[in-house]
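Here's the structure, in structure tokens; my notes come after.
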Amino acid sequence: MKAILIRQFGGPEVLKLEDVPTPKPAGGQVLVKIHAAGVNPADTYARTGNYAVLPPLPYTPGADGAGVIDSVGDGVKKVKPGDRVYVAKSLSGTYAEYALTLESQVYRLPENISFAQGAGVFIPYGTAYHALHHQAKARGGETVLVHGASGGVGIASVQIARAMGLTVFGTAGTAKGLELVKREGAHQTFDHSNAAYKDEIMKATGGRGADIVLEMLANVNLGADLKLLAQYGRVIVIGSRGDVTITPRDLMSRRAAVHAFTLWALTDAEAIDVHAGINAGLENGTLRPVVGAEIPLKDAAQAHIDVMKASGAFGKIVLIP
Ligand code: NAP
């Protein structure tokens with residue numbers, strides 16, 4: 001099969017399309033014919049070799065994907081050949097024509113969700129669901145600021161929060177992104193490239209502040225986020241690319257808290273909740289992954305450049321084998 005192989009850590013140019021043996025599922029494993037693979041910022045961090053979780057070289061990247069079950073190993077009961085699935089991590093990497101996974105790493109993909117959309121389910125929606133339900137313990141009637149709402153995790157957060165009954169504020173850095181965030185359910189949108197946006201957010205809350213901030217770029221925004229919080233407010237750090245200075249008194253005066261997590265550490269119980277919640281939302285139409293760009297698998301290097309652009313996010317970038 002064709003697969004992207006990384007033989008050494010480095011820039012986007014180390015992503016090479018190669019011919020590799022098609023894996024065979026052993027007991028408890030399944031082989032998925034990948035129709036689309038999701039590109040996530042974490043794939044680029046690992047590619048550089050500077051990330052907490054690094055696979056041994058050589059490896060095929062990708063934790064997100066969607067396709068059809070090709071074959072199953074002994075003892076597999078959850079799925080059968082022909083079933084449509086989305087993948088949540090894999091044994092062999094999803095940037096390929098086929099991906100080998102554990103039975104527990106595939107989930108049914110409803111008919112109303114395309115394969116390209118399915119490639120943007122696990123990491124974006126899993127992260128957003130965990131942030132809102134488990135970390136923020138969000139309640140209907142609260143106000144959430146999705147800070148960086150135009151990308152994969154942001155759009156998922158907007159849709160989930162809206163379905164939970166929160167008042168949803170979302171930020172983006174381009175007119176196109178702002179329009180998308182509004183379309184996908186934000187009650188109000190703010191341009192994070194415009195210095196006045198923090199004042200506008202405070203004004204929109206009547207001076208009270210937001211109950212929850214989901215933060216995609218904490219190294220830039222965390223200090224300011226604390227000043228946007230209501231009493232007992234919570235910032236959930238989802239993304240960060242460096243250091244930041246905060247004023248602890250902003251937390252003290254609000255009895256506020258900062259929570260942070262990585263999706264890789266999801267417990268089994270949390271994973272059951274996450275996938276059940278996502279499945280219900282995909283089925284009933286409240287969760288609709290947005291695909292911004294479909295790129296041929298051979299151009300994975302370009303996809304890595306695009307996903308790390310400073311601004312201009314528009315839903316998910318997916319690779320098509
Ligand atoms: P993405 O699709 O590339 O989206 C990036 C988002 O950040 C866009 O909405 C972008 O808005 C926004 N942004 C850019 N500059 C910003 C600023 N100054 N302030 C606020 N937002 C800004 O990435 P993603 O997949 O949604 O992931 C978002 C972040 O979360 C990444 O850093 C990723 O590594 C991290 N992440 C963490 C976990 C975890 O387990 N903790 C899981 C998934 C993702 P514009 O382009 O419109 O400016």
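Ordered as shown in the structure tokens, chains take letters A, B, and onward, while each chain numbers its residues from 1 and ligands are numbered from 1 in the order shown.
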Would you mind listing, for every residue of segment 231-299 of chain A within 9 Å of segment 157-177 of chain A, the two atoms forming the shortest contact and the distance between them in Å to one decimal, using only C-alpha atoms, sorted by chain and ascending residue number, as CSV?
residue,atom,partner,partner_atom,distance
A:Ile278,CA,A:Ile160,CA,8.9
A:Gly281,CA,A:Ile160,CA,8.1
A:Thr286,CA,A:Ala163,CA,6.6
A:Leu287,CA,A:Gln159,CA,6.0
A:Arg288,CA,A:Gln159,CA,7.8
Residues up to 7 Å from ligand 1, counting only C-alpha atoms and all ligand atoms: could you list those as a PyMOL selection string?
-> chain A and resi 40-42+123-124+127+147-154+171-174+177+192-193+215-217+220-221+238-241+261-264+307-308+310-313+315-316
Between A:Asp273, A:Asp199, A:Asp70, A:Asp268, which has the minimum distance to Ser104 of chain A (counting only C-alpha atoms)?
-> A:Asp268
Report as a ChimeraX atom specification: the residues of segment 108-245 of chain A with a DSSP assignment of alpha helix (DSSP H), based on the backbone of this structure.
-> /A:115-118,122-129,152-163,175-183,197-204,218-227
Find the residues near segment 57-61 of chain A: any atom within 7 Å, counting only C-alpha atoms, skip ones fewer than 2 places away on the same chain, and give them as a PyMOL selection string.
-> chain A and resi 3-8+43+55+92-95
Would you export the selected residues with N, CA, C and O atoms as a short mmCIF file (atom, residue, chain, number, x, y, z; two decimals), in the first residue's frame, please?
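Contents of result-v8.cif, as written:
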data_model
loop_
_atom_site.label_atom_id
_atom_site.label_comp_id
_atom_site.auth_asym_id
_atom_site.auth_seq_id
_atom_site.Cartn_x
_atom_site.Cartn_y
_atom_site.Cartn_z
N ALA A 3 1.83 4.77 1.71
CA ALA A 3 1.73 5.38 3.03
C ALA A 3 2.77 6.47 3.15
O ALA A 3 3.83 6.41 2.50
N ILE A 4 2.48 7.47 3.96
CA ILE A 4 3.50 8.47 4.30
C ILE A 4 4.40 7.86 5.35
O ILE A 4 3.92 7.28 6.33
N LEU A 5 5.70 7.98 5.14
CA LEU A 5 6.66 7.42 6.10
C LEU A 5 7.61 8.54 6.53
O LEU A 5 8.12 9.29 5.69
N ILE A 6 7.81 8.64 7.83
CA ILE A 6 8.80 9.58 8.38
C ILE A 6 10.00 8.75 8.82
O ILE A 6 9.88 7.93 9.74
N ARG A 7 11.14 8.92 8.17
CA ARG A 7 12.34 8.14 8.51
C ARG A 7 13.26 8.92 9.45
O ARG A 7 14.11 8.34 10.10
N GLN A 8 13.10 10.26 9.46
CA GLN A 8 13.86 11.07 10.42
C GLN A 8 13.02 12.28 10.79
O GLN A 8 12.23 12.76 9.97
N ASP A 43 0.31 16.28 14.96
CA ASP A 43 1.08 15.48 13.98
C ASP A 43 2.36 16.23 13.60
O ASP A 43 3.40 15.62 13.34
N PRO A 55 6.78 8.57 18.50
CA PRO A 55 6.84 7.19 18.03
C PRO A 55 8.26 6.82 17.61
O PRO A 55 9.04 7.71 17.23
N SER A 92 -0.84 1.62 13.26
CA SER A 92 0.10 1.80 12.14
C SER A 92 0.11 3.21 11.54
O SER A 92 0.93 3.49 10.69
N GLY A 93 -0.81 4.12 11.98
CA GLY A 93 -0.85 5.47 11.42
C GLY A 93 -1.89 5.58 10.31
O GLY A 93 -2.04 4.68 9.49
N THR A 94 -2.60 6.74 10.28
CA THR A 94 -3.71 6.88 9.34
C THR A 94 -3.33 7.57 8.03
O THR A 94 -4.13 7.59 7.10
N TYR A 95 -2.14 8.15 7.92
CA TYR A 95 -1.72 8.78 6.66
C TYR A 95 -1.33 7.65 5.69
O TYR A 95 -0.15 7.53 5.30
#
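Here the question is which of A:Asp225, A:Glu142, A:Glu283, A:Glu294 gets nearest to Pro110 of chain A using only C-alpha atoms, and that residue is A:Glu283.
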Could you write out, as an MDAnalysis selection string, all the residues of segment 140-281 of chain A that DSSP marks as strand (DSSP E or B)?
-> chainID A and resid 143:147 167:172 188:191 210:215 229:237 257:260
Write out as number ranges by chain each polymer residue whose atoms come within 8 Å of Val39 of chain A, counting only C-alpha atoms; drop sequence neighbours fewer than 4 positions from it.
-> A: 43, 62, 64, 303-304, 307, 316-319
Include N, CA and C atoms and write out the residues we just selected as a JSON list (two decimals), in the first residue's frame.
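The file below, part_31.json, is the result:
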[["chain", "number", "residue", "atom", "x", "y", "z"],
["A", 43, "ASP", "N", 0.31, 16.28, 14.96],
["A", 43, "ASP", "CA", 1.08, 15.48, 13.98],
["A", 43, "ASP", "C", 2.36, 16.23, 13.60],
["A", 62, "GLY", "N", -0.50, 10.18, 12.02],
["A", 62, "GLY", "CA", -1.96, 10.25, 11.92],
["A", 62, "GLY", "C", -2.69, 9.43, 12.95],
["A", 64, "ASP", "N", -6.20, 10.37, 13.37],
["A", 64, "ASP", "CA", -7.59, 10.53, 12.93],
["A", 64, "ASP", "C", -7.76, 9.96, 11.52],
["A", 303, "ALA", "N", 0.03, 19.96, 3.64],
["A", 303, "ALA", "CA", -1.00, 19.97, 4.68],
["A", 303, "ALA", "C", -0.39, 20.36, 6.03],
["A", 304, "HIS", "N", 0.83, 19.90, 6.31],
["A", 304, "HIS", "CA", 1.51, 20.26, 7.57],
["A", 304, "HIS", "C", 1.86, 21.74, 7.61],
["A", 307, "VAL", "N", -1.62, 23.63, 8.18],
["A", 307, "VAL", "CA", -2.26, 23.53, 9.50],
["A", 307, "VAL", "C", -1.54, 24.39, 10.53],
["A", 316, "LYS", "N", -11.46, 21.65, 9.19],
["A", 316, "LYS", "CA", -10.42, 20.63, 9.15],
["A", 316, "LYS", "C", -9.71, 20.53, 7.81],
["A", 317, "ILE", "N", -8.43, 20.19, 7.89],
["A", 317, "ILE", "CA", -7.67, 19.80, 6.70],
["A", 317, "ILE", "C", -7.61, 18.27, 6.72],
["A", 318, "VAL", "N", -8.00, 17.63, 5.61],
["A", 318, "VAL", "CA", -7.93, 16.16, 5.57],
["A", 318, "VAL", "C", -7.14, 15.70, 4.34],
["A", 319, "LEU", "N", -6.51, 14.54, 4.47],
["A", 319, "LEU", "CA", -5.73, 13.93, 3.39],
["A", 319, "LEU", "C", -6.54, 12.82, 2.75]]
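Each of A:Ala276, A:Gly292, A:Lys33, A:Ala204 was compared to His187 of chain A using only C-alpha atoms, and A:Ala204 turns out to be the nearest.
Coordinates place atom CA of Lys2 of chain A at a distance of 4.8 Å from atom CA of Asp19 of chain A.
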Neighbours of Gly118 of chain A within 9 Å (only C-alpha atoms; same-chain residues fewer than 2 positions away dropped), as a VMD selection string?
-> chain A and resid 36 to 38 64 to 67 85 to 87 109 113 to 116 120 to 122 289
Saved selection, atoms kept: C-alpha atoms, as a PDB file, in the first residue's frame:
ATOM      1  CA  ALA A  36      -9.681  10.256   4.549  1.00  0.00           C
ATOM      2  CA  ALA A  37      -7.103  11.046   7.252  1.00  0.00           C
ATOM      3  CA  GLY A  38      -7.322  14.045   9.577  1.00  0.00           C
ATOM      4  CA  ASP A  64      -7.588  10.527  12.926  1.00  0.00           C
ATOM      5  CA  GLY A  65      -9.155   8.823   9.946  1.00  0.00           C
ATOM      6  CA  ALA A  66     -12.338   7.393   8.493  1.00  0.00           C
ATOM      7  CA  GLY A  67     -13.091   4.572   6.106  1.00  0.00           C
ATOM      8  CA  VAL A  85     -16.012   3.704  10.872  1.00  0.00           C
ATOM      9  CA  TYR A  86     -13.988   6.588  12.224  1.00  0.00           C
ATOM     10  CA  VAL A  87     -10.630   5.840  13.788  1.00  0.00           C
ATOM     11  CA  LEU A 109     -19.599   6.405  11.431  1.00  0.00           C
ATOM     12  CA  ILE A 113     -21.404  11.854   7.944  1.00  0.00           C
ATOM     13  CA  SER A 114     -18.973  11.703   4.995  1.00  0.00           C
ATOM     14  CA  PHE A 115     -15.560  10.030   5.278  1.00  0.00           C
ATOM     15  CA  ALA A 116     -13.844  13.439   5.013  1.00  0.00           C
ATOM     16  CA  GLY A 120     -12.179  15.211  11.737  1.00  0.00           C
ATOM     17  CA  VAL A 121     -14.077  13.507  14.535  1.00  0.00           C
ATOM     18  CA  PHE A 122     -11.841  11.960  17.179  1.00  0.00           C
ATOM     19  CA  PRO A 289     -17.597  18.326  11.205  1.00  0.00           C
TER      20      PRO A 289
END
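When only C-alpha atoms are used to compute distances to Ala256 of chain A, the closest of the residues A:Ala156, A:Leu229, A:Ile201, A:Val68 turns out to be A:Leu229.
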7 Å contact set for Ser90 of chain A, only C-alpha atoms, chain neighbours under 5 positions out, as an MDAnalysis selection string = chainID A and resid 63 99:102 105
